[in-house]
Amino acid sequence: MTSGYQVFLGLDVGKGEHHAVALDATGKRLHDAPLPNSEPKLRAVFDKLARHGTVLVVVDQPATIGALPVAVARAAGHQVAYLPGLAMRRIADLYPGNAKTDARDAHVIADAARTLPHTLRAVDTGDDTLAELGVLVGFDDDLAAEATRISNRIRGLLTGIHPALERALGPRITHAAVLEILSRCGGPAGIRKAGRRKVAAIATAHAPRMGDRLVEQIWTALDEQTVTVPGTTAADTVLPRLADSLKTVLHQRRSVADEVEG
């Protein structure tokens, strides 16, 4: 990997600022300074070092906070590699001094690239794909947590005002038919007011196989409770909004899943 390189640039990456140390093939220090995490500043350093010969840029983190230096280095025509954390810690133990500083870490990275090329790993297109997937999967994790929160809120609300209806709908709360009924009719009072025919039409449109059975279970649950619990009227206002929110989150999860598959 290091064959033919005249400059070894080690970057200890940071959120807003990296530290850059560049060494030539003999170990002479060509550059040692903080480096802001911006494309113009990165390009300026890369271009300056390129005057000394072919540059190998080595980072300690190729993704997240290290993604911009990697992208800029590639765009400038330089090869990029990274030094895995475990290898870096072991190599750092061989250098004098115990203080962990950005400048020391950047020097360790650059010197390892110069003298221990077998410790480096190439940053290839597979890493780029993993980075893309990491962003999508992280977003999906957030959506999954939000879907769980809204589902629990709907089930908790139904349990408080009509436990029998919650038992009928709760286990299927994310099903399109159940969400559409809640969205268009509301809670127990709204569902009964909408009437069995309308609810059946909604259910069968979104669940042809289980629509009739679902409606039967809903009406059995409604008939089980004759009293109206305080909060039922407000639930008819809140439940449609919660159902719509949950539908939106679930749609976003499906879209993310398609992007991940692609």
# chains A, B, ... in the order shown; residues from 1 in each chain; ligands from 1

call {"tool": "residues_around", "arguments": {"residues": "A:Gln61", "least_positions_apart": "5", "cutoff": "7 Å", "atoms": "only C-alpha atoms", "output": "ChimeraX atom specification"}}
result
/A:13,66,82

call {"tool": "select_by_dssp", "arguments": {"residues": "stretch 32-247 of chain A", "states": "strand (DSSP E)", "output": "JSON, numbers by chain"}}
result
{"A": [32, 33, 34, 35, 36, 55, 56, 57, 58, 59, 79, 80, 81, 82, 121, 122]}

call {"tool": "select_by_dssp", "arguments": {"residues": "stretch 17-176 of chain A", "states": "helix (DSSP H, G or I)", "output": "PyMOL selection string"}}
result
chain A and resi 39-50+64-75+85-92+102-115+117-119+125-161+163-172+176

call {"tool": "residues_around", "arguments": {"residues": "stretch 116-118 of chain A", "least_positions_apart": "5", "cutoff": "12 Å", "atoms": "only C-alpha atoms", "output": "list of chain:residue names"}}
result
A:Met1, A:Thr2, A:Ser3, A:Tyr5, A:Phe8, A:Leu56, A:Val58, A:Ala81, A:Tyr82, A:Leu83, A:Pro84, A:Ala87, A:Met88, A:Ile91, A:Val108, A:Ile109, A:Ala110, A:Asp111

call {"tool": "residues_around", "arguments": {"residues": "A:Thr174", "least_positions_apart": "2", "cutoff": "9 Å", "atoms": "only C-alpha atoms", "output": "PyMOL selection string"}}
result
chain A and resi 147+151+170-172+176-179+243+246-247+250

call {"tool": "closest_atom_pairs", "arguments": {"of": "stretch 104-212 of chain A", "to": "stretch 218-241 of chain A", "cutoff": "8 Å", "atoms": "only C-alpha atoms", "output": "tab-separated table"}}
result
residue	atom	partner	partner_atom	distance
A:Ile154	CA	A:Leu239	CA	6.8
A:Leu157	CA	A:Ala235	CA	7.3
A:Ile161	CA	A:Val229	CA	5.4
A:His162	CA	A:Gln225	CA	7.4
A:Ala164	CA	A:Ala221	CA	5.0
A:Leu165	CA	A:Ala221	CA	5.1
A:Ala168	CA	A:Ile218	CA	6.1
A:Leu169	CA	A:Ile218	CA	7.6
A:Leu182	CA	A:Pro240	CA	5.4
A:Ser183	CA	A:Pro240	CA	3.9
A:Arg184	CA	A:Pro240	CA	6.5
A:Cys185	CA	A:Pro240	CA	7.2
A:Gly186	CA	A:Asp236	CA	4.4
A:Gly187	CA	A:Asp236	CA	4.7
A:Pro188	CA	A:Leu222	CA	6.9
A:Ala189	CA	A:Asp236	CA	7.0
A:Gly190	CA	A:Asp236	CA	6.0
A:Arg192	CA	A:Leu222	CA	7.7
A:Arg196	CA	A:Trp219	CA	7.9

call {"tool": "residues_around", "arguments": {"residues": "A:Leu136", "least_positions_apart": "2", "cutoff": "12 Å", "atoms": "only C-alpha atoms", "output": "MDAnalysis selection string"}}
result
chainID A and resid 129:134 138:143 252:262
